[in-house]
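Participant: See start14.pdb below, with PDB, C-alpha atoms.
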ATOM      1  CA  MET A   1      58.331 202.177  72.249
ATOM      2  CA  THR A   2      58.203 203.753  68.793
ATOM      3  CA  ASP A   3      56.272 206.969  68.362
ATOM      4  CA  PRO A   4      52.749 206.421  66.996
ATOM      5  CA  ASP A   5      52.022 207.578  63.470
ATOM      6  CA  LEU A   6      49.880 210.718  63.305
ATOM      7  CA  SER A   7      47.522 209.064  60.831
ATOM      8  CA  ASP A   8      46.969 206.185  63.275
ATOM      9  CA  LEU A   9      46.071 208.667  65.991
ATOM     10  CA  GLY A  10      43.661 210.347  63.595
ATOM     11  CA  ALA A  11      42.111 206.988  62.809
ATOM     12  CA  PHE A  12      41.693 206.314  66.538
ATOM     13  CA  VAL A  13      39.849 209.616  67.014
ATOM     14  CA  ALA A  14      37.596 208.899  64.028
ATOM     15  CA  VAL A  15      36.694 205.412  65.268
ATOM     16  CA  THR A  16      35.951 206.528  68.823
ATOM     17  CA  ARG A  17      33.847 209.464  67.663
ATOM     18  CA  SER A  18      31.878 207.313  65.216
ATOM     19  CA  ARG A  19      31.648 204.388  67.646
ATOM     20  CA  SER A  20      32.173 202.055  64.701
ATOM     21  CA  PHE A  21      34.845 201.088  62.202
ATOM     22  CA  ARG A  22      32.366 201.147  59.328
ATOM     23  CA  GLY A  23      31.132 204.662  60.101
ATOM     24  CA  ALA A  24      34.655 206.003  60.558
ATOM     25  CA  ALA A  25      35.804 204.319  57.359
ATOM     26  CA  ALA A  26      32.985 205.923  55.380
ATOM     27  CA  LEU A  27      33.923 209.369  56.691
ATOM     28  CA  ARG A  28      37.656 208.939  56.042
ATOM     29  CA  GLY A  29      37.240 207.288  52.661
ATOM     30  CA  VAL A  30      39.131 204.120  53.604
ATOM     31  CA  SER A  31      38.220 200.501  54.287
ATOM     32  CA  PRO A  32      37.133 199.290  57.753
ATOM     33  CA  SER A  33      39.930 196.704  57.636
ATOM     34  CA  SER A  34      42.564 199.445  57.213
ATOM     35  CA  LEU A  35      41.228 201.226  60.300
ATOM     36  CA  SER A  36      41.195 197.964  62.248
ATOM     37  CA  GLU A  37      44.828 197.382  61.296
ATOM     38  CA  ALA A  38      45.701 200.946  62.340
ATOM     39  CA  MET A  39      44.123 200.316  65.749
ATOM     40  CA  ARG A  40      46.004 197.058  66.225
ATOM     41  CA  ARG A  41      49.227 198.817  65.289
ATOM     42  CA  LEU A  42      48.562 201.739  67.639
ATOM     43  CA  GLU A  43      47.644 199.516  70.590
ATOM     44  CA  ALA A  44      50.761 197.424  70.007
ATOM     45  CA  GLN A  45      52.968 200.496  69.928
ATOM     46  CA  LEU A  46      51.428 201.978  73.080
ATOM     47  CA  GLY A  47      51.211 198.663  74.906
ATOM     48  CA  VAL A  48      47.656 199.268  76.104
ATOM     49  CA  ARG A  49      44.179 198.407  74.882
ATOM     50  CA  LEU A  50      42.344 201.516  73.664
ATOM     51  CA  LEU A  51      39.036 200.120  72.397
ATOM     52  CA  ASN A  52      36.369 197.729  73.601
ATOM     53  CA  ARG A  53      35.071 195.930  70.534
ATOM     54  CA  THR A  54      31.786 194.039  70.294
ATOM     55  CA  THR A  55      29.661 192.975  67.340
ATOM     56  CA  ARG A  56      27.375 195.945  68.016
ATOM     57  CA  SER A  57      29.635 198.817  69.037
ATOM     58  CA  VAL A  58      33.124 200.145  69.590
ATOM     59  CA  THR A  59      33.782 202.154  72.748
ATOM     60  CA  PRO A  60      36.994 203.520  74.252
ATOM     61  CA  THR A  61      38.517 201.895  77.312
ATOM     62  CA  GLU A  62      39.413 204.123  80.253
ATOM     63  CA  ALA A  63      42.878 204.533  78.770
ATOM     64  CA  GLY A  64      41.408 205.162  75.342
ATOM     65  CA  GLN A  65      39.037 207.835  76.642
ATOM     66  CA  ARG A  66      41.902 209.585  78.417
ATOM     67  CA  LEU A  67      43.975 209.539  75.238
ATOM     68  CA  LEU A  68      41.015 210.795  73.203
ATOM     69  CA  ASP A  69      40.445 213.709  75.580
ATOM     70  CA  ARG A  70      44.092 214.756  75.351
ATOM     71  CA  ILE A  71      44.775 214.402  71.628
ATOM     72  CA  SER A  72      41.452 215.511  70.118
ATOM     73  CA  PRO A  73      42.077 219.256  70.648
ATOM     74  CA  ALA A  74      45.621 218.912  69.321
ATOM     75  CA  LEU A  75      44.530 217.080  66.172
ATOM     76  CA  ASP A  76      41.732 219.605  65.633
ATOM     77  CA  ASP A  77      44.316 222.404  65.925
ATOM     78  CA  ILE A  78      46.552 220.688  63.369
ATOM     79  CA  ALA A  79      43.617 220.283  60.980
ATOM     80  CA  GLY A  80      42.720 223.942  61.478
ATOM     81  CA  ALA A  81      46.317 225.045  60.862
ATOM     82  CA  LEU A  82      46.499 223.059  57.629
ATOM     83  CA  ASP A  83      43.126 224.408  56.595
ATOM     84  CA  THR A  84      44.376 228.012  56.894
ATOM     85  CA  LEU A  85      46.426 227.310  53.758
ATOM     86  CA  ASN A  86      43.128 227.528  51.896
ATOM     87  CA  SER A  87      43.294 231.300  52.294
ATOM     88  CA  PHE A  88      46.283 231.316  49.923
ATOM     89  CA  ARG A  89      44.325 229.571  47.170
ATOM     90  CA  ASP A  90      42.021 231.187  44.643
ATOM     91  CA  SER A  91      39.294 228.789  45.715
ATOM     92  CA  PRO A  92      39.075 226.642  48.875
ATOM     93  CA  THR A  93      39.569 222.905  48.634
ATOM     94  CA  GLY A  94      38.673 220.015  50.859
ATOM     95  CA  THR A  95      35.676 217.927  51.872
ATOM     96  CA  LEU A  96      32.496 219.208  53.495
ATOM     97  CA  ARG A  97      30.571 216.471  55.306
ATOM     98  CA  LEU A  98      26.903 217.180  56.029
ATOM     99  CA  ASN A  99      24.300 215.107  57.862
ATOM    100  CA  VAL A 100      20.787 215.969  56.684
ATOM    101  CA  PRO A 101      17.174 214.732  56.936
ATOM    102  CA  THR A 102      15.896 212.720  53.992
ATOM    103  CA  ILE A 103      13.273 215.295  52.960
ATOM    104  CA  VAL A 104      15.932 218.035  52.822
ATOM    105  CA  ALA A 105      18.262 215.836  50.759
ATOM    106  CA  GLN A 106      15.447 215.050  48.336
ATOM    107  CA  ARG A 107      13.575 218.341  47.970
ATOM    108  CA  VAL A 108      15.618 221.249  49.355
ATOM    109  CA  LEU A 109      19.349 220.641  49.002
ATOM    110  CA  PRO A 110      19.830 219.451  45.364
ATOM    111  CA  PRO A 111      19.681 222.863  43.596
ATOM    112  CA  LEU A 112      21.720 224.548  46.345
ATOM    113  CA  ALA A 113      24.347 221.799  46.269
ATOM    114  CA  SER A 114      24.681 221.985  42.497
ATOM    115  CA  ARG A 115      25.178 225.755  42.472
ATOM    116  CA  PHE A 116      27.628 225.570  45.374
ATOM    117  CA  LEU A 117      29.781 222.900  43.719
ATOM    118  CA  ARG A 118      29.847 224.784  40.421
ATOM    119  CA  ALA A 119      31.093 227.852  42.321
ATOM    120  CA  HIS A 120      33.700 225.824  44.266
ATOM    121  CA  PRO A 121      35.132 223.068  42.049
ATOM    122  CA  GLY A 122      37.846 222.274  44.595
ATOM    123  CA  ILE A 123      35.371 221.182  47.250
ATOM    124  CA  THR A 124      33.901 217.685  47.618
ATOM    125  CA  LEU A 125      30.470 217.580  49.242
ATOM    126  CA  GLU A 126      29.589 214.404  51.157
ATOM    127  CA  ILE A 127      25.927 214.182  52.164
ATOM    128  CA  THR A 128      24.624 211.517  54.528
ATOM    129  CA  THR A 129      20.898 211.270  55.194
ATOM    130  CA  ASN A 130      19.716 210.561  58.718
ATOM    131  CA  ASP A 131      16.308 211.198  60.233
ATOM    132  CA  THR A 132      17.319 210.517  63.823
ATOM    133  CA  PHE A 133      18.683 213.055  66.280
ATOM    134  CA  ILE A 134      22.393 212.273  66.557
ATOM    135  CA  ASP A 135      25.476 214.191  67.607
ATOM    136  CA  VAL A 136      26.630 214.898  64.068
ATOM    137  CA  LEU A 137      29.890 216.465  65.200
ATOM    138  CA  ALA A 138      30.867 213.476  67.330
ATOM    139  CA  ALA A 139      30.001 211.297  64.330
ATOM    140  CA  GLY A 140      32.591 213.118  62.244
ATOM    141  CA  PHE A 141      30.457 215.552  60.257
ATOM    142  CA  ASP A 142      31.374 219.204  59.783
ATOM    143  CA  ALA A 143      27.777 220.378  60.139
ATOM    144  CA  GLY A 144      24.208 219.204  60.085
ATOM    145  CA  ILE A 145      20.885 220.346  58.688
ATOM    146  CA  ARG A 146      17.866 220.087  60.944
ATOM    147  CA  TYR A 147      14.686 221.902  61.829
ATOM    148  CA  ASP A 148      14.737 224.492  64.585
ATOM    149  CA  GLU A 149      13.162 222.392  67.312
ATOM    150  CA  SER A 150      15.969 219.821  67.189
ATOM    151  CA  ILE A 151      18.980 222.192  67.126
ATOM    152  CA  ALA A 152      20.918 222.634  70.360
ATOM    153  CA  ARG A 153      20.959 226.220  71.599
ATOM    154  CA  ASP A 154      24.767 226.413  71.661
ATOM    155  CA  MET A 155      24.955 225.933  67.888
ATOM    156  CA  ILE A 156      25.172 228.578  65.195
ATOM    157  CA  ALA A 157      22.189 228.154  62.870
ATOM    158  CA  VAL A 158      22.044 229.508  59.318
ATOM    159  CA  PRO A 159      18.743 229.437  57.380
ATOM    160  CA  LEU A 160      18.789 227.141  54.372
ATOM    161  CA  GLY A 161      16.071 226.645  51.774
ATOM    162  CA  PRO A 162      12.476 227.867  52.089
ATOM    163  CA  ARG A 163      11.870 229.804  55.292
ATOM    164  CA  THR A 164       8.358 228.470  55.654
ATOM    165  CA  GLN A 165       7.192 224.951  54.938
ATOM    166  CA  ARG A 166       3.966 223.147  55.654
ATOM    167  CA  PHE A 167       2.385 219.754  55.966
ATOM    168  CA  VAL A 168      -0.470 219.024  53.576
ATOM    169  CA  ALA A 169      -3.150 216.328  53.516
ATOM    170  CA  ALA A 170      -4.270 214.638  50.319
ATOM    171  CA  ALA A 171      -5.883 211.502  48.927
ATOM    172  CA  SER A 172      -6.525 210.033  45.506
ATOM    173  CA  PRO A 173      -9.692 210.939  43.584
ATOM    174  CA  ALA A 174     -10.767 207.274  43.718
ATOM    175  CA  TYR A 175     -10.408 207.141  47.513
ATOM    176  CA  LEU A 176     -12.388 210.343  48.038
ATOM    177  CA  ALA A 177     -15.115 209.172  45.637
ATOM    178  CA  ALA A 178     -15.492 205.959  47.619
ATOM    179  CA  HIS A 179     -15.143 207.315  51.166
ATOM    180  CA  GLY A 180     -16.039 211.009  51.031
ATOM    181  CA  THR A 181     -13.946 214.102  51.748
ATOM    182  CA  PRO A 182     -13.041 214.919  55.366
ATOM    183  CA  LYS A 183     -14.204 218.393  56.431
ATOM    184  CA  HIS A 184     -12.567 218.513  59.866
ATOM    185  CA  PRO A 185      -9.374 216.860  61.154
ATOM    186  CA  THR A 186     -11.404 214.683  63.525
ATOM    187  CA  ASP A 187     -13.163 213.221  60.455
ATOM    188  CA  LEU A 188      -9.861 211.461  59.741
ATOM    189  CA  LEU A 189     -10.560 209.147  62.666
ATOM    190  CA  LYS A 190     -13.141 207.517  60.386
ATOM    191  CA  HIS A 191     -10.800 207.380  57.386
ATOM    192  CA  ALA A 192      -7.906 205.157  56.369
ATOM    193  CA  CYS A 193      -4.720 207.099  57.077
ATOM    194  CA  ILE A 194      -1.224 206.289  55.853
ATOM    195  CA  GLY A 195       1.124 206.648  58.818
ATOM    196  CA  HIS A 196       4.802 207.484  59.056
ATOM    197  CA  ARG A 197       7.067 205.957  61.693
ATOM    198  CA  PHE A 198      10.319 207.693  62.594
ATOM    199  CA  PRO A 199      13.547 205.672  62.889
ATOM    200  CA  SER A 200      13.217 206.118  66.655
ATOM    201  CA  GLY A 201      10.070 203.990  66.488
ATOM    202  CA  VAL A 202       7.682 206.848  67.225
ATOM    203  CA  LEU A 203       4.564 207.056  65.044
ATOM    204  CA  ALA A 204       4.200 210.599  63.696
ATOM    205  CA  ALA A 205       1.116 212.387  64.991
ATOM    206  CA  TRP A 206      -0.812 214.621  62.586
ATOM    207  CA  GLY A 207      -1.128 218.202  63.773
ATOM    208  CA  PHE A 208      -3.563 220.720  62.274
ATOM    209  CA  VAL A 209      -4.127 224.413  63.062
ATOM    210  CA  ARG A 210      -6.831 226.891  62.076
ATOM    211  CA  LYS A 211      -7.498 230.326  63.582
ATOM    212  CA  GLY A 212      -5.419 229.511  66.619
ATOM    213  CA  LYS A 213      -7.156 226.200  67.263
ATOM    214  CA  ALA A 214      -4.934 223.131  67.181
ATOM    215  CA  VAL A 215      -6.065 219.557  66.608
ATOM    216  CA  LYS A 216      -3.805 216.511  66.828
ATOM    217  CA  ILE A 217      -4.742 212.987  65.803
ATOM    218  CA  THR A 218      -2.958 209.651  65.699
ATOM    219  CA  PRO A 219      -3.305 208.207  62.187
ATOM    220  CA  SER A 220      -4.696 204.720  61.769
ATOM    221  CA  GLY A 221      -4.975 202.775  58.563
ATOM    222  CA  PRO A 222      -3.708 199.998  56.311
ATOM    223  CA  LEU A 223      -0.081 201.155  56.087
ATOM    224  CA  VAL A 224       2.606 202.523  58.403
ATOM    225  CA  ALA A 225       6.026 203.051  56.825
ATOM    226  CA  SER A 226       9.297 204.880  57.298
ATOM    227  CA  MET A 227       9.773 205.583  53.574
ATOM    228  CA  LEU A 228       7.959 208.497  51.967
ATOM    229  CA  ASP A 229       8.084 206.886  48.522
ATOM    230  CA  LEU A 230       6.152 203.888  49.804
ATOM    231  CA  GLU A 231       3.611 206.120  51.545
ATOM    232  CA  LEU A 232       3.139 208.259  48.444
ATOM    233  CA  HIS A 233       2.547 205.230  46.224
ATOM    234  CA  ALA A 234      -0.031 203.912  48.662
ATOM    235  CA  ALA A 235      -1.886 207.233  48.646
ATOM    236  CA  GLU A 236      -1.882 207.458  44.850
ATOM    237  CA  SER A 237      -3.156 203.877  44.732
ATOM    238  CA  GLY A 238      -6.205 204.863  46.756
ATOM    239  CA  LEU A 239      -5.323 203.218  50.066
ATOM    240  CA  GLY A 240      -5.945 206.274  52.215
ATOM    241  CA  VAL A 241      -5.144 209.861  53.220
ATOM    242  CA  ILE A 242      -1.512 210.987  53.428
ATOM    243  CA  TYR A 243      -0.160 213.930  55.458
ATOM    244  CA  THR A 244       3.400 215.061  54.823
ATOM    245  CA  PHE A 245       5.628 217.802  53.384
ATOM    246  CA  ASP A 246       4.063 220.009  50.714
ATOM    247  CA  GLU A 247       7.239 219.743  48.608
ATOM    248  CA  TYR A 248       6.865 215.995  48.495
ATOM    249  CA  LEU A 249       3.191 215.871  47.539
ATOM    250  CA  ARG A 250       3.071 218.899  45.240
ATOM    251  CA  PRO A 251       3.962 217.050  41.984
ATOM    252  CA  SER A 252       1.212 214.482  42.647
ATOM    253  CA  ILE A 253      -1.299 217.216  43.488
ATOM    254  CA  ASP A 254      -0.388 219.220  40.385
ATOM    255  CA  SER A 255      -0.762 216.125  38.194
ATOM    256  CA  GLY A 256      -4.152 215.248  39.692
ATOM    257  CA  ALA A 257      -2.945 211.948  41.153
ATOM    258  CA  LEU A 258      -3.802 213.361  44.593
ATOM    259  CA  VAL A 259      -6.450 215.850  45.699
ATOM    260  CA  PRO A 260      -5.742 218.186  48.633
ATOM    261  CA  VAL A 261      -8.058 217.980  51.646
ATOM    262  CA  LEU A 262      -8.458 220.047  54.834
ATOM    263  CA  GLU A 263      -6.548 222.939  53.265
ATOM    264  CA  ASP A 264      -7.749 225.422  55.915
ATOM    265  CA  TRP A 265      -6.067 223.282  58.563
ATOM    266  CA  TRP A 266      -2.626 222.730  57.039
ATOM    267  CA  GLN A 267       0.143 223.405  59.535
ATOM    268  CA  GLY A 268       3.076 225.650  58.653
ATOM    269  CA  PHE A 269       6.498 225.547  60.290
ATOM    270  CA  SER A 270       9.940 227.103  59.969
ATOM    271  CA  GLY A 271      12.251 225.809  57.241
ATOM    272  CA  PRO A 272      15.532 223.978  57.882
ATOM    273  CA  PHE A 273      18.823 225.367  59.161
ATOM    274  CA  LEU A 274      22.461 224.518  58.627
ATOM    275  CA  TYR A 275      24.023 224.282  62.080
ATOM    276  CA  TYR A 276      27.575 224.017  63.385
ATOM    277  CA  PRO A 277      29.502 224.859  66.548
ATOM    278  CA  SER A 278      31.240 228.155  67.141
ATOM    279  CA  ARG A 279      34.827 227.554  66.089
ATOM    280  CA  THR A 280      37.908 229.738  66.101
ATOM    281  CA  HIS A 281      39.124 227.985  62.962
ATOM    282  CA  MET A 282      36.150 227.036  60.823
ATOM    283  CA  PRO A 283      37.094 224.584  58.043
ATOM    284  CA  ALA A 284      37.381 226.400  54.740
ATOM    285  CA  PRO A 285      34.772 224.251  52.924
ATOM    286  CA  LEU A 286      32.238 224.965  55.683
ATOM    287  CA  ARG A 287      33.059 228.689  55.655
ATOM    288  CA  ALA A 288      32.604 228.690  51.873
ATOM    289  CA  PHE A 289      29.205 226.999  52.211
ATOM    290  CA  VAL A 290      28.031 229.451  54.880
ATOM    291  CA  ASP A 291      29.153 232.384  52.708
ATOM    292  CA  PHE A 292      27.402 230.803  49.731
ATOM    293  CA  LEU A 293      24.125 230.519  51.644
ATOM    294  CA  LYS A 294      24.362 234.182  52.621
ATOM    295  CA  SER A 295      25.039 235.174  49.005
ATOM    296  CA  GLU A 296      21.969 233.166  47.997
ATOM    297  CA  GLY A 297      19.847 235.267  50.320
ATOM    298  CA  GLN A 298      19.309 232.414  52.738
ATOM    299  CA  GLY A 299      19.636 234.678  55.759
ATOM    300  CA  HIS A 300      22.027 235.266  58.613
ATOM    301  CA  PRO A 301      23.195 233.100  61.507
ATOM    302  CA  ALA A 302      20.733 232.822  64.370
TER     303      ALA A 302
END
Would you kindly transcribe this structure into structure tokens?
Facilitator:
Amino acid sequence: MTDPDLSDLGAFVAVTRSRSFRGAAALRGVSPSSLSEAMRRLEAQLGVRLLNRTTRSVTPTEAGQRLLDRISPALDDIAGALDTLNSFRDSPTGTLRLNVPTIVAQRVLPPLASRFLRAHPGITLEITTNDTFIDVLAAGFDAGIRYDESIARDMIAVPLGPRTQRFVAAASPAYLAAHGTPKHPTDLLKHACIGHRFPSGVLAAWGFVRKGKAVKITPSGPLVASMLDLELHAAESGLGVIYTFDEYLRPSIDSGALVPVLEDWWQGFSGPFLYYPSRTHMPAPLRAFVDFLKSEGQGHPA
């Protein structure tokens, strides 16, 4: 038996962590077919099947899982050792892979990302948007950005972006002229509301708070979508009331396309966090990004 190539072993780890050839290929910057060929080559060299392949998923066999458990720490140590060479460069190099919610990618991250990349020209930033709760590290990302309630307690969390955000309600002038302005959150039960459905399938409830009193309603109306752009267009077109991130609605409110309603009841919440596991050898691009956030006054790890 010939010794397996180290790159083939790395490809095996990437595929098993991503649970798909396509996902692993995107993270490694190669084609799915090249990863498939690497797996065929590795299984032939080892004389054992490592992966169970179906049209929907890729999972390790018992032998594959045992191999993954043994070689993952070693490959991580090799990557960390190579990454220490960054300390001998004037500026770190490498790729930083982040998994972030859509709203953060659209409204929070762009100016930070631009300033970071100008300060670190040797770093490539790969941003993947995902609004579901996934194990971003198992999926091959260096770190994730999420809101506090969805961050595991064993993660290091670094504040990123505005420290306070809020949901705001608004509707078009034409809609309010035709249907009246709600004065209390329960009035929305009589209004057309534009709903948002998460990728998990859950319909987002609308929560309001005033003077310690909380009110939650389930929106009902002519449109339920999972794309904010579609929801915003519907609201501006006069189809109903929308309730979402202030950052997303602010341009439409400032232009007069939407009119804020129930302002006394808008709910505030903590801003997003960059999160990552405690590591002895943090990848240099990630360390550079954490240091950048601190220099930007974003706060300290929680």
Participant: Would you give me, as CSV, each residue of stretch 11-124 of chain A having an atom within 12 Å of an atom of stretch 163-175 of chain A, along with its shortest atom pair and that distance in Å to one decimal, using all atoms listed in the file and sorting by chain and residue number?
Facilitator:
residue,atom,partner,partner_atom,distance
A:Ile103,CA,A:Gln165,CA,11.6
A:Val104,CA,A:Gln165,CA,11.3
A:Arg107,CA,A:Gln165,CA,11.5
A:Val108,CA,A:Gln165,CA,10.8
Participant: With the PyMOL selection byres ((chain A and resi 228-239) around 10) as the selection, what would be picked from this file? Answer as a ChimeraX atom specification, please.
Facilitator: /A:102-103,170-178,192-196,221-227,240-245,248-249,252-253,256-259
Participant: Using Å and a single decimal, report how far atom CA of A:Pro277 sits from atom CA of A:Ser20.
Facilitator: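 Those two atoms sit 23.0 Å apart.
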Participant: Can you pull out the residues contacting stretch 120-127 of chain A? Cut-off 9 Å, using all atoms listed in the file, and skip same-chain residues under 6 positions away; I want them as a PDB file with C-alpha atoms, keeping the file's coordinate frame.
Facilitator:
ATOM      1  CA  LEU A  27      33.923 209.369  56.691  1.00  0.00           C
ATOM      2  CA  SER A  91      39.294 228.789  45.715  1.00  0.00           C
ATOM      3  CA  PRO A  92      39.075 226.642  48.875  1.00  0.00           C
ATOM      4  CA  THR A  93      39.569 222.905  48.634  1.00  0.00           C
ATOM      5  CA  GLY A  94      38.673 220.015  50.859  1.00  0.00           C
ATOM      6  CA  THR A  95      35.676 217.927  51.872  1.00  0.00           C
ATOM      7  CA  LEU A  96      32.496 219.208  53.495  1.00  0.00           C
ATOM      8  CA  ARG A  97      30.571 216.471  55.306  1.00  0.00           C
ATOM      9  CA  LEU A  98      26.903 217.180  56.029  1.00  0.00           C
ATOM     10  CA  ASN A  99      24.300 215.107  57.862  1.00  0.00           C
ATOM     11  CA  VAL A 100      20.787 215.969  56.684  1.00  0.00           C
ATOM     12  CA  ALA A 105      18.262 215.836  50.759  1.00  0.00           C
ATOM     13  CA  ALA A 113      24.347 221.799  46.269  1.00  0.00           C
ATOM     14  CA  PRO A 285      34.772 224.251  52.924  1.00  0.00           C
ATOM     15  CA  ALA A 288      32.604 228.690  51.873  1.00  0.00           C
TER      16      ALA A 288
END
Participant: Which one of A:Ser220, A:Gln106, A:Ser278, A:Ser36 sits closest to A:Asp154 if you count all atoms listed in the file?
Facilitator: A:Ser278
Participant: Once 6 Å is added on each side, what are the centre and the three edge lengths, in Å to one decimal, of the axis-aligned box enclosing the listed atoms of stretch 88-102 of chain A? Present them as JSON.
Facilitator:
{"center_x": 31.1, "center_y": 222.0, "center_z": 51.3, "size_x": 42.4, "size_y": 30.6, "size_z": 25.2}
Participant: So which residues get picked by the PyMOL selection byres ((chain A and resi 136-149) around 6) here, written as a list in words?
Facilitator: Arg17, Ser18, Arg97, Leu98, Asn99, Val100, Ile134, Asp135, Ser150, Ile151, Pro272, Phe273, Leu274, Tyr275 and Tyr276 of chain A
Participant: Spell out the residues picked by the PyMOL selection byres ((chain A and resi 5) around 12) here, as a PyMOL selection string.
Facilitator: chain A and resi 2-4+6-12+38-39+41-43+45-46
Participant: Give me, please, the distance in Å between atom CA of A:Met282 and atom CA of A:Pro159, quoted to one decimal.
Facilitator: 17.9 Å
Participant: When you count only C-alpha atoms, which of these residues is closest to A:Arg49: A:Ala205, A:Val15, A:Ala63, A:Ala214?
Facilitator: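 Looking at the shortest contact to A:Arg49, the residue is A:Ala63.
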